[in-house]
Amino acid sequence: MKLACYAASEENSLGREFKEPQPSHRNQFQRDRDRVVHSSAFRRLEYKTQVFVNHVGDMFRTRLTHSIEVAQIGRTISRALQLNEDLTEAICLAHDLGHTPFGHAGQDELNLCMKEFGGFEHNLQSLRVVDVLEEKYAEFTGLNLMYETREGILKHCSRSKAKELGAIGQRFLDKLQPGLEAQVADIADLIAYNNHDVDDGLRARLITFDQLASCELFCKELTVVSKRWPGLSKKKMIHEVKRRMINTLVSDLIVTSHGNIASLNPSTIHEVRAAGKPLISLSETIAAQNLQLKRFLNKHLYKHPKVEKMSEEAKQVIRKLFDGFMSEASLLPKDVQKNIEVQEEEQGSLGKARVIADYIAGMTDRFAFAELDRISE
Ligand code: MG
């Protein structure tokens, strides 16, 4: 398919940090996607919590299935807007690589543990995974991804962190937008989690149809489905409503973004970056309905007493692991200890804490439990 003139392409790309020959059977962005799929961090997403702690039930989303759903939604939007579908897919599949075990509870606690050492942010960590932590290639550290893929992975960044990051952080200092593929991946993430969390929440019986009736987006589709198929099983009802909600959001996003692009009429990716605001967006009406749903989930699902109880336990595991390794580094695997020696020499306790945070962030939920058991013996 022909790409729009403002899409990211191999021709207008800022390329890879370490120059590599052109791939023979794929384009550069397909190569990036494949590097993500073959990474260790990607495999570990299978056993990392999205909202529901991974070991509680097998039927809920994990970080891996979440990332695959984000990629599906992102690809559809990209294709419809004549953007670079391969780049969008690579960003979507990589966007959560830096997530800790136990979902947001894990990230919040690790951030607290790292307070004196520069903090911990999963977004920055995703970039760190692909830039530094993956050990796969003889000639370079990390995955040496294309600039545009890395730009998409780094969704947010404070000014102080941006200064430390160099070229990839520069857009936060210059107040530039990322390319449209990155903007698509960002909203695809939001669409995916809002909808699959409704699905998981209903099936886990933590939220109900009656409660969700207060959300316009849900209520509208529920009315359509119940009218057309009265007496439909709950299982099918949930899916029929969810697929319609995703369709409403995706269709609205495509039409609205199309309009935004048409009114700016950019002829290059540079004009997209300098646009002053994102061009990929939902209409005001649907954005408000989507926000209403997000707030609903925040209140009734993410803060549900059962979820909070799991989160509390998770935070304790992270805290005990961090404190345990900080006070007794000999408890860590030999290669991690070696890395600490190198980093401590360069940056003192800051270096040591960062290596330990990297080690903990890379854990799956069950490995974190196993590590805690091991060091508590
Ligand atoms: Mg995500």
# chains A, B, ... in the order shown; residues from 1 in each chain; ligands from 1

call {"tool": "residues_near_ligand", "arguments": {"ligand": "ligand 1", "cutoff": "12 Å", "atoms": "only C-alpha atoms and all ligand atoms", "output": "VMD selection string"}}
result
chain A and resid 45 48 to 51 61 to 71 74 91 to 99 103 to 104 122 to 123 126 153 155 185 to 194 196 to 197

call {"tool": "atom_distance", "arguments": {"atom1": "CA of Ile375 in chain A", "atom2": "CA of Ala329 in chain A"}}
result
10.8 Å

call {"tool": "atom_distance", "arguments": {"atom1": "CA of Asn290 in chain A", "atom2": "CA of Thr223 in chain A"}}
result
17.4 Å

call {"tool": "closest_residue", "arguments": {"among": "A:Gln316, A:Gln107, A:Ser281, A:Gln292", "to": "Cys215 in chain A", "atoms": "only C-alpha atoms"}}
result
A:Gln292

call {"tool": "select_by_dssp", "arguments": {"residues": "range 28-186 of chain A", "states": "helix (DSSP H, G or I)", "output": "VMD selection string"}}
result
chain A and resid 28 to 37 40 to 47 63 to 80 85 to 94 103 to 113 115 to 117 122 to 133 147 to 153 159 to 174 180 to 186

call {"tool": "residues_around", "arguments": {"residues": "Asp373 in chain A", "least_positions_apart": "3", "cutoff": "12 Å", "atoms": "only C-alpha atoms", "output": "ChimeraX atom specification"}}
result
/A:317,320-321,324,331,366-370,376-377

call {"tool": "write_last_selection", "arguments": {"atoms": "C-alpha atoms", "output": "PDB file, in the first residue's frame"}}
result
ATOM      1  CA  VAL A 317       6.793  -8.190  47.435  1.00  0.00           C
ATOM      2  CA  LYS A 320      10.982  -6.645  50.242  1.00  0.00           C
ATOM      3  CA  LEU A 321      12.896  -7.615  47.092  1.00  0.00           C
ATOM      4  CA  GLY A 324      16.661  -7.255  50.479  1.00  0.00           C
ATOM      5  CA  LEU A 331      21.706 -12.589  47.218  1.00  0.00           C
ATOM      6  CA  ARG A 366       5.640 -15.656  39.619  1.00  0.00           C
ATOM      7  CA  PHE A 367       9.405 -15.168  39.431  1.00  0.00           C
ATOM      8  CA  ALA A 368       9.081 -12.246  41.869  1.00  0.00           C
ATOM      9  CA  PHE A 369       7.291 -14.535  44.330  1.00  0.00           C
ATOM     10  CA  ALA A 370       9.910 -17.249  43.824  1.00  0.00           C
ATOM     11  CA  SER A 376      13.635 -15.145  52.703  1.00  0.00           C
ATOM     12  CA  GLU A 377      14.886 -18.651  53.483  1.00  0.00           C
TER      13      GLU A 377
END

call {"tool": "residues_around", "arguments": {"residues": "range 175-180 of chain A", "least_positions_apart": "2", "cutoff": "8 Å", "atoms": "only C-alpha atoms", "output": "PyMOL selection string"}}
result
chain A and resi 7-8+83+148+151-152+171-173+182-184+269+272-280

call {"tool": "write_last_selection", "arguments": {"atoms": "N, CA, C and O atoms", "output": "PDB file, in the first residue's frame"}}
result
ATOM      1  N   ALA A   7       3.540  10.074   6.439  1.00  0.00           N
ATOM      2  CA  ALA A   7       3.792   8.866   7.238  1.00  0.00           C
ATOM      3  C   ALA A   7       5.295   8.707   7.446  1.00  0.00           C
ATOM      4  O   ALA A   7       6.095   9.242   6.674  1.00  0.00           O
ATOM      5  N   ALA A   8       5.682   7.958   8.471  1.00  0.00           N
ATOM      6  CA  ALA A   8       7.105   7.633   8.645  1.00  0.00           C
ATOM      7  C   ALA A   8       7.468   6.564   7.627  1.00  0.00           C
ATOM      8  O   ALA A   8       6.675   5.662   7.363  1.00  0.00           O
ATOM      9  N   LEU A  83      -0.923   5.137   7.034  1.00  0.00           N
ATOM     10  CA  LEU A  83       0.320   5.332   7.795  1.00  0.00           C
ATOM     11  C   LEU A  83       1.146   4.054   7.728  1.00  0.00           C
ATOM     12  O   LEU A  83       0.729   3.062   7.130  1.00  0.00           O
ATOM     13  N   GLU A 148      12.290   6.097  14.908  1.00  0.00           N
ATOM     14  CA  GLU A 148      10.835   6.305  14.998  1.00  0.00           C
ATOM     15  C   GLU A 148      10.186   5.291  15.939  1.00  0.00           C
ATOM     16  O   GLU A 148       9.183   5.592  16.583  1.00  0.00           O
ATOM     17  N   GLU A 151      11.077   6.553  19.359  1.00  0.00           N
ATOM     18  CA  GLU A 151      10.297   7.765  19.607  1.00  0.00           C
ATOM     19  C   GLU A 151       8.882   7.395  20.089  1.00  0.00           C
ATOM     20  O   GLU A 151       8.328   8.018  20.993  1.00  0.00           O
ATOM     21  N   GLY A 152       8.318   6.358  19.474  1.00  0.00           N
ATOM     22  CA  GLY A 152       6.968   5.917  19.839  1.00  0.00           C
ATOM     23  C   GLY A 152       6.931   5.243  21.200  1.00  0.00           C
ATOM     24  O   GLY A 152       5.954   5.364  21.938  1.00  0.00           O
ATOM     25  N   ARG A 171      12.565  16.051  21.674  1.00  0.00           N
ATOM     26  CA  ARG A 171      11.240  16.560  21.289  1.00  0.00           C
ATOM     27  C   ARG A 171      10.444  17.076  22.493  1.00  0.00           C
ATOM     28  O   ARG A 171       9.583  17.937  22.347  1.00  0.00           O
ATOM     29  N   PHE A 172      10.748  16.544  23.680  1.00  0.00           N
ATOM     30  CA  PHE A 172      10.035  17.012  24.879  1.00  0.00           C
ATOM     31  C   PHE A 172      10.522  18.415  25.269  1.00  0.00           C
ATOM     32  O   PHE A 172       9.796  19.187  25.857  1.00  0.00           O
ATOM     33  N   LEU A 173      11.776  18.729  24.932  1.00  0.00           N
ATOM     34  CA  LEU A 173      12.324  20.048  25.219  1.00  0.00           C
ATOM     35  C   LEU A 173      11.852  21.046  24.153  1.00  0.00           C
ATOM     36  O   LEU A 173      11.555  22.190  24.459  1.00  0.00           O
ATOM     37  N   ALA A 182       3.252   6.835  16.174  1.00  0.00           N
ATOM     38  CA  ALA A 182       3.383   6.850  17.642  1.00  0.00           C
ATOM     39  C   ALA A 182       2.089   7.355  18.273  1.00  0.00           C
ATOM     40  O   ALA A 182       1.642   6.844  19.308  1.00  0.00           O
ATOM     41  N   GLN A 183       1.478   8.340  17.643  1.00  0.00           N
ATOM     42  CA  GLN A 183       0.216   8.878  18.170  1.00  0.00           C
ATOM     43  C   GLN A 183      -0.883   7.811  18.103  1.00  0.00           C
ATOM     44  O   GLN A 183      -1.704   7.689  19.010  1.00  0.00           O
ATOM     45  N   VAL A 184      -0.876   7.039  17.018  1.00  0.00           N
ATOM     46  CA  VAL A 184      -1.866   5.959  16.878  1.00  0.00           C
ATOM     47  C   VAL A 184      -1.658   4.914  17.987  1.00  0.00           C
ATOM     48  O   VAL A 184      -2.606   4.492  18.648  1.00  0.00           O
ATOM     49  N   ILE A 269       6.623  14.572   7.280  1.00  0.00           N
ATOM     50  CA  ILE A 269       6.553  14.147   8.680  1.00  0.00           C
ATOM     51  C   ILE A 269       6.999  15.292   9.608  1.00  0.00           C
ATOM     52  O   ILE A 269       6.546  15.397  10.748  1.00  0.00           O
ATOM     53  N   VAL A 272       4.102  17.293  10.641  1.00  0.00           N
ATOM     54  CA  VAL A 272       3.319  16.570  11.647  1.00  0.00           C
ATOM     55  C   VAL A 272       3.932  16.813  13.033  1.00  0.00           C
ATOM     56  O   VAL A 272       3.243  17.106  14.002  1.00  0.00           O
ATOM     57  N   ARG A 273       5.272  16.721  13.088  1.00  0.00           N
ATOM     58  CA  ARG A 273       5.970  16.882  14.376  1.00  0.00           C
ATOM     59  C   ARG A 273       5.834  18.308  14.907  1.00  0.00           C
ATOM     60  O   ARG A 273       5.773  18.534  16.112  1.00  0.00           O
ATOM     61  N   ALA A 274       5.761  19.264  13.999  1.00  0.00           N
ATOM     62  CA  ALA A 274       5.699  20.674  14.408  1.00  0.00           C
ATOM     63  C   ALA A 274       4.263  21.176  14.557  1.00  0.00           C
ATOM     64  O   ALA A 274       4.037  22.368  14.781  1.00  0.00           O
ATOM     65  N   ALA A 275       3.287  20.254  14.468  1.00  0.00           N
ATOM     66  CA  ALA A 275       1.875  20.683  14.410  1.00  0.00           C
ATOM     67  C   ALA A 275       1.352  21.371  15.672  1.00  0.00           C
ATOM     68  O   ALA A 275       0.292  21.989  15.639  1.00  0.00           O
ATOM     69  N   GLY A 276       2.066  21.255  16.777  1.00  0.00           N
ATOM     70  CA  GLY A 276       1.617  21.930  17.998  1.00  0.00           C
ATOM     71  C   GLY A 276       0.665  21.106  18.837  1.00  0.00           C
ATOM     72  O   GLY A 276       0.566  21.277  20.047  1.00  0.00           O
ATOM     73  N   LYS A 277      -0.073  20.204  18.206  1.00  0.00           N
ATOM     74  CA  LYS A 277      -0.920  19.264  18.958  1.00  0.00           C
ATOM     75  C   LYS A 277      -1.060  17.977  18.156  1.00  0.00           C
ATOM     76  O   LYS A 277      -0.826  17.983  16.935  1.00  0.00           O
ATOM     77  N   PRO A 278      -1.469  16.899  18.838  1.00  0.00           N
ATOM     78  CA  PRO A 278      -1.586  15.636  18.106  1.00  0.00           C
ATOM     79  C   PRO A 278      -2.670  15.712  17.024  1.00  0.00           C
ATOM     80  O   PRO A 278      -3.695  16.369  17.227  1.00  0.00           O
ATOM     81  N   LEU A 279      -2.414  15.060  15.904  1.00  0.00           N
ATOM     82  CA  LEU A 279      -3.421  15.033  14.826  1.00  0.00           C
ATOM     83  C   LEU A 279      -4.299  13.791  14.941  1.00  0.00           C
ATOM     84  O   LEU A 279      -5.365  13.717  14.339  1.00  0.00           O
ATOM     85  N   ILE A 280      -3.825  12.818  15.695  1.00  0.00           N
ATOM     86  CA  ILE A 280      -4.630  11.608  15.899  1.00  0.00           C
ATOM     87  C   ILE A 280      -5.455  11.818  17.165  1.00  0.00           C
ATOM     88  O   ILE A 280      -4.904  11.928  18.268  1.00  0.00           O
TER      89      ILE A 280
END

call {"tool": "closest_atom_pairs", "arguments": {"of": "range 124-171 of chain A", "to": "range 15-36 of chain A", "cutoff": "6 Å", "atoms": "only C-alpha atoms", "output": "tab-separated table"}}
result
residue	atom	partner	partner_atom	distance
A:Leu145	CA	A:Asp32	CA	5.8
A:Met146	CA	A:Arg16	CA	4.6
A:Tyr147	CA	A:Gly15	CA	5.5

call {"tool": "write_last_selection", "arguments": {"atoms": "C-alpha atoms", "output": "PDB file, in the first residue's frame"}}
result
ATOM      1  CA  LEU A 145      15.823  -0.065  16.822  1.00  0.00           C
ATOM      2  CA  MET A 146      14.920   2.654  14.327  1.00  0.00           C
ATOM      3  CA  TYR A 147      14.606   6.196  15.709  1.00  0.00           C
TER       4      TYR A 147
END

call {"tool": "atom_distance", "arguments": {"atom1": "CA of Gly231 in chain A", "atom2": "CA of Gln289 in chain A"}}
result
26.9 Å

call {"tool": "residues_around", "arguments": {"residues": "Thr256 in chain A", "least_positions_apart": "4", "cutoff": "10 Å", "atoms": "only C-alpha atoms", "output": "number ranges by chain"}}
result
A: 250-252, 260-262, 279-284

call {"tool": "closest_residue", "arguments": {"among": "A:Ala41, A:Leu127, A:Ile340, A:Ala213", "to": "Lys352 in chain A", "atoms": "only C-alpha atoms"}}
result
A:Ile340

call {"tool": "residues_around", "arguments": {"residues": "Phe120 in chain A", "least_positions_apart": "2", "cutoff": "7 Å", "atoms": "only C-alpha atoms", "output": "ChimeraX atom specification"}}
result
/A:110-111,114,118,122

call {"tool": "residues_around", "arguments": {"residues": "range 78-82 of chain A", "least_positions_apart": "4", "cutoff": "8 Å", "atoms": "only C-alpha atoms", "output": "PyMOL selection string"}}
result
chain A and resi 1-4+7+74+88+181+184+254+258

call {"tool": "decode", "arguments": {"residues": "range 2-140 of chain A", "atoms": "C-alpha atoms", "output": "mmCIF file, in the first residue's frame"}}
result
data_model
loop_
_atom_site.group_PDB
_atom_site.id
_atom_site.type_symbol
_atom_site.label_atom_id
_atom_site.label_comp_id
_atom_site.auth_asym_id
_atom_site.auth_seq_id
_atom_site.Cartn_x
_atom_site.Cartn_y
_atom_site.Cartn_z
ATOM 1 C CA LYS A 2 1.199 3.494 -0.788
ATOM 2 C CA LEU A 3 2.084 5.473 2.331
ATOM 3 C CA ALA A 4 0.808 9.010 2.868
ATOM 4 C CA CYS A 5 3.493 11.672 2.335
ATOM 5 C CA TYR A 6 3.438 12.507 6.074
ATOM 6 C CA ALA A 7 3.792 8.866 7.238
ATOM 7 C CA ALA A 8 7.105 7.633 8.645
ATOM 8 C CA SER A 9 9.044 5.688 6.040
ATOM 9 C CA GLU A 10 12.462 4.180 5.447
ATOM 10 C CA GLU A 11 13.201 7.206 3.244
ATOM 11 C CA ASN A 12 12.472 9.910 5.842
ATOM 12 C CA SER A 13 13.642 7.847 8.847
ATOM 13 C CA LEU A 14 16.341 9.093 11.195
ATOM 14 C CA GLY A 15 17.605 5.511 11.173
ATOM 15 C CA ARG A 16 19.466 3.377 13.685
ATOM 16 C CA GLU A 17 22.141 4.502 16.107
ATOM 17 C CA PHE A 18 24.464 1.721 14.888
ATOM 18 C CA LYS A 19 24.441 1.500 11.056
ATOM 19 C CA GLU A 20 23.328 -1.893 9.742
ATOM 20 C CA PRO A 21 22.903 -3.318 6.246
ATOM 21 C CA GLN A 22 19.408 -3.238 4.713
ATOM 22 C CA PRO A 23 17.433 -6.413 5.599
ATOM 23 C CA SER A 24 16.921 -8.744 2.628
ATOM 24 C CA HIS A 25 13.333 -9.925 3.011
ATOM 25 C CA ARG A 26 11.739 -7.302 5.238
ATOM 26 C CA ASN A 27 11.636 -3.576 5.567
ATOM 27 C CA GLN A 28 13.402 -1.833 8.450
ATOM 28 C CA PHE A 29 10.242 -1.482 10.559
ATOM 29 C CA GLN A 30 9.270 -5.123 10.064
ATOM 30 C CA ARG A 31 12.762 -5.929 11.301
ATOM 31 C CA ASP A 32 12.110 -3.829 14.404
ATOM 32 C CA ARG A 33 8.822 -5.616 15.055
ATOM 33 C CA ASP A 34 10.567 -8.974 14.703
ATOM 34 C CA ARG A 35 13.354 -7.906 17.070
ATOM 35 C CA VAL A 36 10.730 -7.008 19.662
ATOM 36 C CA VAL A 37 8.957 -10.350 19.214
ATOM 37 C CA HIS A 38 12.249 -12.221 19.698
ATOM 38 C CA SER A 39 13.272 -10.232 22.780
ATOM 39 C CA SER A 40 13.380 -11.769 26.261
ATOM 40 C CA ALA A 41 11.330 -8.908 27.699
ATOM 41 C CA PHE A 42 8.504 -9.624 25.217
ATOM 42 C CA ARG A 43 8.313 -13.293 26.221
ATOM 43 C CA ARG A 44 8.119 -12.342 29.875
ATOM 44 C CA LEU A 45 5.012 -10.190 29.246
ATOM 45 C CA GLU A 46 3.069 -13.460 29.221
ATOM 46 C CA TYR A 47 3.442 -13.772 32.969
ATOM 47 C CA LYS A 48 3.037 -10.151 33.938
ATOM 48 C CA THR A 49 -0.153 -8.726 35.382
ATOM 49 C CA GLN A 50 -2.269 -6.256 33.449
ATOM 50 C CA VAL A 51 -4.939 -5.600 36.099
ATOM 51 C CA PHE A 52 -5.600 -9.033 37.566
ATOM 52 C CA VAL A 53 -2.677 -10.726 39.209
ATOM 53 C CA ASN A 54 -1.497 -13.302 36.735
ATOM 54 C CA HIS A 55 -1.702 -16.355 38.992
ATOM 55 C CA VAL A 56 -5.310 -15.673 40.089
ATOM 56 C CA GLY A 57 -6.930 -16.787 36.851
ATOM 57 C CA ASP A 58 -5.886 -17.864 33.382
ATOM 58 C CA MET A 59 -8.761 -16.183 31.606
ATOM 59 C CA PHE A 60 -7.728 -12.575 32.117
ATOM 60 C CA ARG A 61 -5.495 -10.325 30.037
ATOM 61 C CA THR A 62 -1.794 -10.357 30.679
ATOM 62 C CA ARG A 63 0.662 -7.745 29.444
ATOM 63 C CA LEU A 64 1.277 -9.975 26.421
ATOM 64 C CA THR A 65 -2.345 -10.360 25.309
ATOM 65 C CA HIS A 66 -2.877 -6.657 26.049
ATOM 66 C CA SER A 67 0.062 -5.737 23.780
ATOM 67 C CA ILE A 68 -1.268 -7.982 20.979
ATOM 68 C CA GLU A 69 -4.703 -6.325 21.213
ATOM 69 C CA VAL A 70 -3.082 -2.870 21.139
ATOM 70 C CA ALA A 71 -1.172 -3.895 18.000
ATOM 71 C CA GLN A 72 -4.373 -5.168 16.330
ATOM 72 C CA ILE A 73 -6.185 -1.882 16.953
ATOM 73 C CA GLY A 74 -3.138 0.198 16.017
ATOM 74 C CA ARG A 75 -2.626 -1.641 12.722
ATOM 75 C CA THR A 76 -6.242 -1.139 11.664
ATOM 76 C CA ILE A 77 -6.104 2.604 12.352
ATOM 77 C CA SER A 78 -2.720 2.993 10.657
ATOM 78 C CA ARG A 79 -3.826 1.163 7.544
ATOM 79 C CA ALA A 80 -7.005 3.233 7.270
ATOM 80 C CA LEU A 81 -4.977 6.459 7.476
ATOM 81 C CA GLN A 82 -2.285 5.248 5.046
ATOM 82 C CA LEU A 83 0.320 5.332 7.795
ATOM 83 C CA ASN A 84 3.202 2.933 8.332
ATOM 84 C CA GLU A 85 1.470 -0.164 9.691
ATOM 85 C CA ASP A 86 4.719 -2.026 10.404
ATOM 86 C CA LEU A 87 6.072 0.819 12.511
ATOM 87 C CA THR A 88 2.797 1.107 14.426
ATOM 88 C CA GLU A 89 2.862 -2.617 15.101
ATOM 89 C CA ALA A 90 6.469 -2.481 16.335
ATOM 90 C CA ILE A 91 5.663 0.385 18.728
ATOM 91 C CA CYS A 92 2.481 -1.291 20.009
ATOM 92 C CA LEU A 93 4.196 -4.607 20.694
ATOM 93 C CA ALA A 94 7.083 -2.842 22.479
ATOM 94 C CA HIS A 95 5.137 -0.215 24.424
ATOM 95 C CA ASP A 96 4.881 -2.164 27.687
ATOM 96 C CA LEU A 97 8.252 -3.978 27.667
ATOM 97 C CA GLY A 98 9.418 -1.966 30.669
ATOM 98 C CA HIS A 99 6.499 -2.848 32.901
ATOM 99 C CA THR A 100 7.255 -4.335 36.288
ATOM 100 C CA PRO A 101 5.518 -7.426 37.627
ATOM 101 C CA PHE A 102 2.086 -6.824 39.249
ATOM 102 C CA GLY A 103 0.877 -4.027 36.965
ATOM 103 C CA HIS A 104 0.654 -0.457 38.186
ATOM 104 C CA ALA A 105 0.989 -1.439 41.842
ATOM 105 C CA GLY A 106 4.414 -2.882 41.051
ATOM 106 C CA GLN A 107 5.523 0.195 39.121
ATOM 107 C CA ASP A 108 4.289 2.580 41.853
ATOM 108 C CA GLU A 109 6.157 0.715 44.552
ATOM 109 C CA LEU A 110 9.374 0.403 42.552
ATOM 110 C CA ASN A 111 9.161 4.134 41.884
ATOM 111 C CA LEU A 112 8.934 4.735 45.644
ATOM 112 C CA CYS A 113 11.872 2.394 46.286
ATOM 113 C CA MET A 114 13.896 4.346 43.711
ATOM 114 C CA LYS A 115 12.879 7.781 45.014
ATOM 115 C CA GLU A 116 16.395 8.779 46.093
ATOM 116 C CA PHE A 117 17.905 7.240 42.960
ATOM 117 C CA GLY A 118 16.084 9.028 40.141
ATOM 118 C CA GLY A 119 12.759 7.156 40.386
ATOM 119 C CA PHE A 120 11.315 4.459 38.162
ATOM 120 C CA GLU A 121 8.961 5.019 35.235
ATOM 121 C CA HIS A 122 7.762 2.131 33.057
ATOM 122 C CA ASN A 123 7.784 4.251 29.922
ATOM 123 C CA LEU A 124 11.435 5.171 30.265
ATOM 124 C CA GLN A 125 12.101 1.582 31.249
ATOM 125 C CA SER A 126 10.561 0.301 27.979
ATOM 126 C CA LEU A 127 13.063 2.443 26.093
ATOM 127 C CA ARG A 128 15.852 1.266 28.395
ATOM 128 C CA VAL A 129 14.921 -2.360 27.628
ATOM 129 C CA VAL A 130 15.285 -1.898 23.870
ATOM 130 C CA ASP A 131 18.277 0.465 24.086
ATOM 131 C CA VAL A 132 20.349 -1.099 26.854
ATOM 132 C CA LEU A 133 19.030 -4.154 28.645
ATOM 133 C CA GLU A 134 18.391 -6.678 25.869
ATOM 134 C CA GLU A 135 21.597 -8.629 25.289
ATOM 135 C CA LYS A 136 21.232 -10.182 21.877
ATOM 136 C CA TYR A 137 23.672 -8.820 19.326
ATOM 137 C CA ALA A 138 27.433 -9.073 19.039
ATOM 138 C CA GLU A 139 27.909 -5.587 17.611
ATOM 139 C CA PHE A 140 25.746 -3.425 19.833
#
